[in-house]
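**Q** What follows is protein.cif, made up of mmCIF, C-alpha atoms:
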data_target
#
loop_
_atom_site.group_PDB
_atom_site.id
_atom_site.type_symbol
_atom_site.label_atom_id
_atom_site.label_comp_id
_atom_site.auth_asym_id
_atom_site.auth_seq_id
_atom_site.Cartn_x
_atom_site.Cartn_y
_atom_site.Cartn_z
ATOM 1 C CA MET A 1 17.592 17.295 -4.905
ATOM 2 C CA THR A 2 14.214 16.359 -6.351
ATOM 3 C CA ASP A 3 13.897 14.321 -9.496
ATOM 4 C CA ASP A 4 11.961 17.046 -11.283
ATOM 5 C CA ALA A 5 14.408 19.744 -10.187
ATOM 6 C CA GLN A 6 17.459 18.004 -11.581
ATOM 7 C CA THR A 7 18.392 19.269 -15.011
ATOM 8 C CA SER A 8 21.645 17.619 -16.035
ATOM 9 C CA GLY A 9 24.741 15.888 -14.815
ATOM 10 C CA SER A 10 25.299 12.997 -12.503
ATOM 11 C CA THR A 11 24.971 13.324 -8.775
ATOM 12 C CA PRO A 12 25.681 10.817 -6.035
ATOM 13 C CA GLU A 13 21.937 10.438 -5.449
ATOM 14 C CA VAL A 14 21.340 9.516 -9.084
ATOM 15 C CA ASP A 15 24.339 7.179 -9.136
ATOM 16 C CA ARG A 16 23.077 5.493 -5.984
ATOM 17 C CA ALA A 17 19.526 5.226 -7.322
ATOM 18 C CA THR A 18 20.605 3.725 -10.636
ATOM 19 C CA ALA A 19 23.183 1.344 -9.181
ATOM 20 C CA HIS A 20 20.574 -1.378 -8.760
ATOM 21 C CA SER A 21 17.870 -0.243 -11.168
ATOM 22 C CA ASN A 22 16.032 -3.513 -11.772
ATOM 23 C CA THR A 23 14.703 -4.205 -8.302
ATOM 24 C CA TYR A 24 11.046 -3.811 -7.417
ATOM 25 C CA SER A 25 11.783 -1.037 -4.940
ATOM 26 C CA ASP A 26 13.665 0.929 -7.593
ATOM 27 C CA ARG A 27 10.801 0.637 -10.041
ATOM 28 C CA ALA A 28 8.347 1.667 -7.317
ATOM 29 C CA TYR A 29 10.541 4.620 -6.363
ATOM 30 C CA THR A 30 10.852 5.730 -9.982
ATOM 31 C CA TRP A 31 7.117 5.504 -10.581
ATOM 32 C CA LEU A 32 6.238 7.251 -7.319
ATOM 33 C CA SER A 33 8.752 10.042 -7.874
ATOM 34 C CA ARG A 34 7.255 10.750 -11.300
ATOM 35 C CA ASN A 35 3.545 10.100 -10.746
ATOM 36 C CA GLY A 36 2.944 9.785 -7.023
ATOM 37 C CA LEU A 37 2.055 13.394 -6.328
ATOM 38 C CA TYR A 38 -0.746 13.309 -8.909
ATOM 39 C CA VAL A 39 -2.259 10.225 -7.301
ATOM 40 C CA TRP A 40 -1.820 11.594 -3.778
ATOM 41 C CA ALA A 41 -3.399 14.919 -4.746
ATOM 42 C CA GLY A 42 -6.334 13.109 -6.356
ATOM 43 C CA ILE A 43 -6.903 11.003 -3.262
ATOM 44 C CA SER A 44 -6.632 14.126 -1.103
ATOM 45 C CA VAL A 45 -9.267 15.958 -3.145
ATOM 46 C CA VAL A 46 -11.616 12.973 -2.905
ATOM 47 C CA VAL A 47 -11.052 12.659 0.862
ATOM 48 C CA ILE A 48 -11.707 16.359 1.437
ATOM 49 C CA ALA A 49 -14.844 16.317 -0.730
ATOM 50 C CA LEU A 50 -16.192 13.216 1.004
ATOM 51 C CA GLY A 51 -15.350 14.695 4.415
ATOM 52 C CA VAL A 52 -17.274 17.856 3.594
ATOM 53 C CA LEU A 53 -20.212 15.696 2.493
ATOM 54 C CA ALA A 54 -20.031 13.493 5.601
ATOM 55 C CA ILE A 55 -20.193 16.307 8.167
ATOM 56 C CA PRO A 56 -23.791 17.424 7.454
ATOM 57 C CA LEU A 57 -24.915 13.830 6.983
ATOM 58 C CA LEU A 58 -23.543 12.894 10.395
ATOM 59 C CA ALA A 59 -24.981 15.998 12.059
ATOM 60 C CA PHE A 60 -28.429 15.655 10.539
ATOM 61 C CA GLY A 61 -28.330 11.862 10.768
ATOM 62 C CA SER A 62 -27.631 11.942 14.503
ATOM 63 C CA LEU A 63 -30.628 14.234 15.018
ATOM 64 C CA ALA A 64 -32.803 12.056 12.811
ATOM 65 C CA ALA A 65 -31.635 8.946 14.668
ATOM 66 C CA ILE A 66 -33.248 10.303 17.826
ATOM 67 C CA GLY A 67 -36.599 9.947 16.075
ATOM 68 C CA GLY A 68 -35.815 6.458 14.825
ATOM 69 C CA GLU A 69 -34.559 7.212 11.292
ATOM 70 C CA GLU A 70 -31.042 5.784 11.152
ATOM 71 C CA SER A 71 -30.408 5.548 7.394
ATOM 72 C CA ILE A 72 -28.919 9.056 7.119
ATOM 73 C CA LEU A 73 -26.548 8.372 9.992
ATOM 74 C CA ALA A 74 -25.568 5.047 8.415
ATOM 75 C CA GLY A 75 -24.823 6.813 5.111
ATOM 76 C CA GLY A 76 -22.666 9.397 6.863
ATOM 77 C CA THR A 77 -20.847 6.671 8.774
ATOM 78 C CA ALA A 78 -20.168 4.777 5.533
ATOM 79 C CA ILE A 79 -18.671 7.913 4.000
ATOM 80 C CA VAL A 80 -16.454 8.424 7.060
ATOM 81 C CA LEU A 81 -15.320 4.799 6.800
ATOM 82 C CA LEU A 82 -14.440 5.303 3.117
ATOM 83 C CA CYS A 83 -12.495 8.470 4.004
ATOM 84 C CA THR A 84 -10.630 6.578 6.709
ATOM 85 C CA VAL A 85 -9.673 3.775 4.327
ATOM 86 C CA LEU A 86 -8.492 6.285 1.709
ATOM 87 C CA LEU A 87 -6.480 8.199 4.314
ATOM 88 C CA LEU A 88 -4.898 4.992 5.604
ATOM 89 C CA GLY A 89 -3.933 4.034 2.060
ATOM 90 C CA LEU A 90 -2.520 7.499 1.417
ATOM 91 C CA ALA A 91 -0.555 7.434 4.662
ATOM 92 C CA VAL A 92 0.891 3.974 3.961
ATOM 93 C CA VAL A 93 1.995 4.994 0.460
ATOM 94 C CA LEU A 94 3.526 8.245 1.752
ATOM 95 C CA LEU A 95 5.446 6.393 4.464
ATOM 96 C CA SER A 96 6.608 3.774 1.966
ATOM 97 C CA TYR A 97 7.773 6.478 -0.417
ATOM 98 C CA ALA A 98 9.568 8.269 2.419
ATOM 99 C CA TYR A 99 11.418 5.046 3.213
ATOM 100 C CA LEU A 100 12.366 4.562 -0.448
ATOM 101 C CA GLU A 101 13.424 8.185 -0.739
ATOM 102 C CA VAL A 102 15.693 7.990 2.308
ATOM 103 C CA ASP A 103 17.137 4.763 0.927
ATOM 104 C CA ARG A 104 17.857 6.385 -2.459
ATOM 105 C CA ARG A 105 18.694 10.005 -1.591
ATOM 106 C CA GLY A 106 19.793 9.742 2.000
ATOM 107 C CA VAL A 107 18.552 11.681 4.996
ATOM 108 C CA PRO A 108 16.835 14.981 4.110
ATOM 109 C CA PHE A 109 18.264 18.408 5.015
ATOM 110 C CA VAL A 110 21.916 17.303 4.695
ATOM 111 C CA GLY A 111 22.660 17.604 0.986
ATOM 112 C CA ASP A 112 22.108 20.466 -1.399
ATOM 113 C CA ARG A 113 21.243 23.727 0.376
ATOM 114 C CA SER A 114 19.176 25.251 -2.431
ATOM 115 C CA THR A 115 15.814 26.815 -1.650
ATOM 116 C CA GLN A 116 13.997 24.323 -3.846
ATOM 117 C CA THR A 117 15.566 21.340 -2.115
ATOM 118 C CA LEU A 118 14.902 22.808 1.320
ATOM 119 C CA ALA A 119 11.252 23.417 0.423
ATOM 120 C CA TYR A 120 10.886 19.896 -0.967
ATOM 121 C CA ASP A 121 12.524 18.277 2.048
ATOM 122 C CA SER A 122 10.371 20.363 4.391
ATOM 123 C CA ILE A 123 7.042 19.509 2.770
ATOM 124 C CA ARG A 124 7.990 15.832 2.491
ATOM 125 C CA ALA A 125 8.955 15.820 6.177
ATOM 126 C CA VAL A 126 5.603 17.347 7.141
ATOM 127 C CA GLU A 127 3.746 14.836 4.951
ATOM 128 C CA THR A 128 5.659 11.947 6.458
ATOM 129 C CA VAL A 129 5.115 13.114 10.035
ATOM 130 C CA ALA A 130 1.390 13.634 9.403
ATOM 131 C CA ALA A 131 1.112 10.171 7.831
ATOM 132 C CA GLY A 132 2.995 8.574 10.736
ATOM 133 C CA ILE A 133 0.893 10.358 13.360
ATOM 134 C CA PHE A 134 -2.311 9.369 11.570
ATOM 135 C CA ILE A 135 -1.420 5.689 11.242
ATOM 136 C CA GLY A 136 0.154 5.400 14.693
ATOM 137 C CA GLY A 137 -2.653 7.288 16.392
ATOM 138 C CA PHE A 138 -5.355 5.406 14.536
ATOM 139 C CA LEU A 139 -3.871 2.030 15.425
ATOM 140 C CA THR A 140 -3.465 3.158 19.040
ATOM 141 C CA MET A 141 -7.097 4.287 19.102
ATOM 142 C CA LEU A 142 -8.234 0.917 17.779
ATOM 143 C CA GLY A 143 -6.095 -0.919 20.324
ATOM 144 C CA LEU A 144 -7.386 1.170 23.215
ATOM 145 C CA ALA A 145 -10.992 0.867 22.069
ATOM 146 C CA VAL A 146 -10.728 -2.908 21.909
ATOM 147 C CA SER A 147 -8.679 -3.475 25.065
ATOM 148 C CA VAL A 148 -9.877 -0.746 27.425
ATOM 149 C CA GLY A 149 -13.082 0.424 25.782
ATOM 150 C CA ASN A 150 -12.091 4.076 26.144
ATOM 151 C CA VAL A 151 -10.045 6.400 23.921
ATOM 152 C CA PRO A 152 -8.457 9.527 25.423
ATOM 153 C CA THR A 153 -9.777 12.750 23.958
ATOM 154 C CA ILE A 154 -6.308 14.097 23.228
ATOM 155 C CA LEU A 155 -5.565 11.038 21.087
ATOM 156 C CA SER A 156 -8.819 11.477 19.163
ATOM 157 C CA VAL A 157 -8.055 15.144 18.555
ATOM 158 C CA THR A 158 -4.502 14.325 17.442
ATOM 159 C CA VAL A 159 -5.698 11.705 14.955
ATOM 160 C CA LEU A 160 -8.385 14.074 13.665
ATOM 161 C CA ALA A 161 -5.804 16.854 13.219
ATOM 162 C CA ALA A 162 -3.506 14.464 11.332
ATOM 163 C CA ALA A 163 -6.460 13.282 9.214
ATOM 164 C CA ILE A 164 -7.202 16.874 8.238
ATOM 165 C CA GLY A 165 -3.577 17.931 7.896
ATOM 166 C CA LEU A 166 -2.473 15.018 5.717
ATOM 167 C CA PRO A 167 -4.565 15.771 2.607
ATOM 168 C CA VAL A 168 -4.118 19.516 3.077
ATOM 169 C CA THR A 169 -0.336 19.105 3.182
ATOM 170 C CA VAL A 170 -0.394 16.950 0.054
ATOM 171 C CA LEU A 171 -2.437 19.606 -1.743
ATOM 172 C CA VAL A 172 0.017 22.307 -0.617
ATOM 173 C CA HIS A 173 2.827 20.154 -2.036
ATOM 174 C CA ALA A 174 0.940 19.758 -5.318
ATOM 175 C CA ALA A 175 0.264 23.505 -5.493
ATOM 176 C CA GLY A 176 3.939 24.218 -4.861
ATOM 177 C CA ARG A 177 4.956 21.812 -7.600
ATOM 178 C CA PHE A 178 2.498 23.517 -9.980
ATOM 179 C CA VAL A 179 3.857 26.973 -9.120
ATOM 180 C CA LEU A 180 7.408 25.697 -9.682
ATOM 181 C CA PHE A 181 6.361 24.242 -13.033
ATOM 182 C CA VAL A 182 4.805 27.551 -14.112
ATOM 183 C CA ALA A 183 7.829 29.526 -12.908
ATOM 184 C CA ASP A 184 10.234 27.209 -14.736
ATOM 185 C CA SER A 185 8.262 27.358 -17.981
ATOM 186 C CA ALA A 186 8.123 31.155 -17.986
#
Let's see the structure in the file written out as C-alpha cells.
**A**
Amino acid sequence: MTDDAQTSGSTPEVDRATAHSNTYSDRAYTWLSRNGLYVWAGISVVVIALGVLAIPLLAFGSLAAIGGEESILAGGTAIVLLCTVLLLGLAVVLLSYAYLEVDRRGVPFVGDRSTQTLAYDSIRAVETVAAGIFIGGFLTMLGLAVSVGNVPTILSVTVLAAAIGLPVTVLVHAAGRFVLFVADSA
C-alpha cells in the first residue's frame, strides 16, 4: 500500500518501516516517499524540454558543421550531455528508492490486492525497469565504445527507448497521483 493511500491503522509495512526509524535509509525513504515524485517529475519535465531543444540544434548543427561552423553542434551536444547526466541521476535515485521500498514494504504485487496498490506497484515496476535498462545499457555502451570501439545498433536503440520512456513514465505516475488526489478530494 502506498504511503499516500494509507488512511489509518497500523499495517505490517508501517510497523516494519518504523521499527528502525532513525537510520539514514529510513529518513531517505520517508523523504522520497513524500517528496520524491515532485522532484522526479520536475527533472523529467526539464529533460523532455531540453531534449526537444537539442534535436533541432543537433540536426541544424550537423548540417552547419559541414560548412565549418561547429558552435551550433557543440551547443546541441552540451544539451544532450546535460540531459544524459540528469537522466542518470534520475535513474540512480529511482533505483535507490526501489531498493528502499522493497526493503520497507516487501516485494510488490504480493500484498494488498486493491486497484490503487496494483496501479502503484505497476507504475513503480515500469519506472524501475526503465531506470535499470537505461543505466545498464548506458554503461554497456560506454564499455563497448572504449574497449571495442563499436556499439551495436540494437543497444543504442534500447538505451534511447529507455531514455525516452523513463521521464514519460515518471510523468504518467505524477499525472496518476494528481488524478487520485483530485478524486479523493471530491
**Q** What would the selection look like, as a ChimeraX atom specification, if the PyMOL selection byres ((chain A and resi 126) around 12) were run on the coordinates I just shared?
**A** /A:91,94-95,98,108,119-125,127-133,162,165-170,172-173
**Q** Take the PyMOL selection byres ((chain A and resi 43-52) around 9), run it mentally on this structure, and tell me the resulting residues as a ChimeraX atom specification.
**A** /A:38-42,53-56,79-80,82-84,86-87,90,164,166-168,170-171
**Q** Using all atoms listed in the file, which residue out of A:Ser96, A:Ala59, A:Phe134, A:Arg105 lies closest to Ser25 in chain A?
**A**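 Using all atoms listed in the file, Ser25 in chain A sits closest to A:Ser96.
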**Q** List as a compact mmCIF listing (two decimals) with C-alpha atoms, in the frame of the given file: which residues have an atom within 12 Å of (7.2, 5.0, -6.3), counting all atoms listed in the file?
**A**
# COMPACT_ATOMS: atom_id res chain seq x y z
CA ASP A 3 13.90 14.32 -9.50
CA TYR A 24 11.05 -3.81 -7.42
CA SER A 25 11.78 -1.04 -4.94
CA ASP A 26 13.66 0.93 -7.59
CA ARG A 27 10.80 0.64 -10.04
CA ALA A 28 8.35 1.67 -7.32
CA TYR A 29 10.54 4.62 -6.36
CA THR A 30 10.85 5.73 -9.98
CA TRP A 31 7.12 5.50 -10.58
CA LEU A 32 6.24 7.25 -7.32
CA SER A 33 8.75 10.04 -7.87
CA ARG A 34 7.26 10.75 -11.30
CA ASN A 35 3.54 10.10 -10.75
CA GLY A 36 2.94 9.78 -7.02
CA LEU A 37 2.06 13.39 -6.33
CA TYR A 38 -0.75 13.31 -8.91
CA VAL A 39 -2.26 10.22 -7.30
CA TRP A 40 -1.82 11.59 -3.78
CA VAL A 93 2.00 4.99 0.46
CA LEU A 94 3.53 8.24 1.75
CA LEU A 95 5.45 6.39 4.46
CA SER A 96 6.61 3.77 1.97
CA TYR A 97 7.77 6.48 -0.42
CA ALA A 98 9.57 8.27 2.42
CA TYR A 99 11.42 5.05 3.21
CA LEU A 100 12.37 4.56 -0.45
CA GLU A 101 13.42 8.18 -0.74
CA ARG A 104 17.86 6.38 -2.46
**Q** So how many Å separate CA of Val85 in chain A and CA of Val148 in chain A, to one decimal?
**A**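 Straight-line distance from CA of Val85 in chain A to CA of Val148 in chain A works out to 23.5 Å.
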**Q** Grab the CA of Thr23 in chain A to CA of Asp103 in chain A distance for me, in Å with one decimal place.
**A**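 Between CA of Thr23 in chain A and CA of Asp103 in chain A the gap is 13.1 Å.
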**Q** Just so I have it separately, write range 156-170 of chain A from the block I sent, keeping N, CA and C atoms, as a short mmCIF file (atom, residue, chain, number, x, y, z; two decimals), in the first residue's frame.
**A**
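And here's selection.cif as it stands now:
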data_model
loop_
_atom_site.label_atom_id
_atom_site.label_comp_id
_atom_site.auth_asym_id
_atom_site.auth_seq_id
_atom_site.Cartn_x
_atom_site.Cartn_y
_atom_site.Cartn_z
N SER A 156 22.00 0.72 -28.78
CA SER A 156 21.75 2.17 -28.86
C SER A 156 20.26 2.48 -28.87
N VAL A 157 19.51 1.70 -29.63
CA VAL A 157 18.07 1.91 -29.71
C VAL A 157 17.41 1.59 -28.37
N THR A 158 17.87 0.55 -27.70
CA THR A 158 17.31 0.19 -26.39
C THR A 158 17.57 1.28 -25.36
N VAL A 159 18.78 1.82 -25.34
CA VAL A 159 19.10 2.89 -24.39
C VAL A 159 18.30 4.14 -24.72
N LEU A 160 18.16 4.45 -26.01
CA LEU A 160 17.36 5.61 -26.40
C LEU A 160 15.90 5.44 -26.00
N ALA A 161 15.35 4.24 -26.19
CA ALA A 161 13.97 3.98 -25.79
C ALA A 161 13.80 4.11 -24.28
N ALA A 162 14.76 3.62 -23.52
CA ALA A 162 14.71 3.76 -22.06
C ALA A 162 14.85 5.22 -21.65
N ALA A 163 15.70 5.97 -22.37
CA ALA A 163 15.89 7.39 -22.07
C ALA A 163 14.63 8.19 -22.34
N ILE A 164 13.86 7.79 -23.33
CA ILE A 164 12.59 8.46 -23.61
C ILE A 164 11.51 7.96 -22.67
N GLY A 165 11.48 6.67 -22.42
CA GLY A 165 10.44 6.08 -21.60
C GLY A 165 10.52 6.44 -20.14
N LEU A 166 11.73 6.64 -19.62
CA LEU A 166 11.90 6.93 -18.19
C LEU A 166 11.19 8.23 -17.77
N PRO A 167 11.47 9.37 -18.39
CA PRO A 167 10.75 10.57 -17.95
C PRO A 167 9.26 10.54 -18.28
N VAL A 168 8.90 9.88 -19.37
CA VAL A 168 7.48 9.78 -19.71
C VAL A 168 6.74 8.95 -18.65
N THR A 169 7.35 7.87 -18.21
CA THR A 169 6.73 7.03 -17.19
C THR A 169 6.60 7.78 -15.87
N VAL A 170 7.61 8.55 -15.52
CA VAL A 170 7.53 9.35 -14.29
C VAL A 170 6.41 10.37 -14.38
#
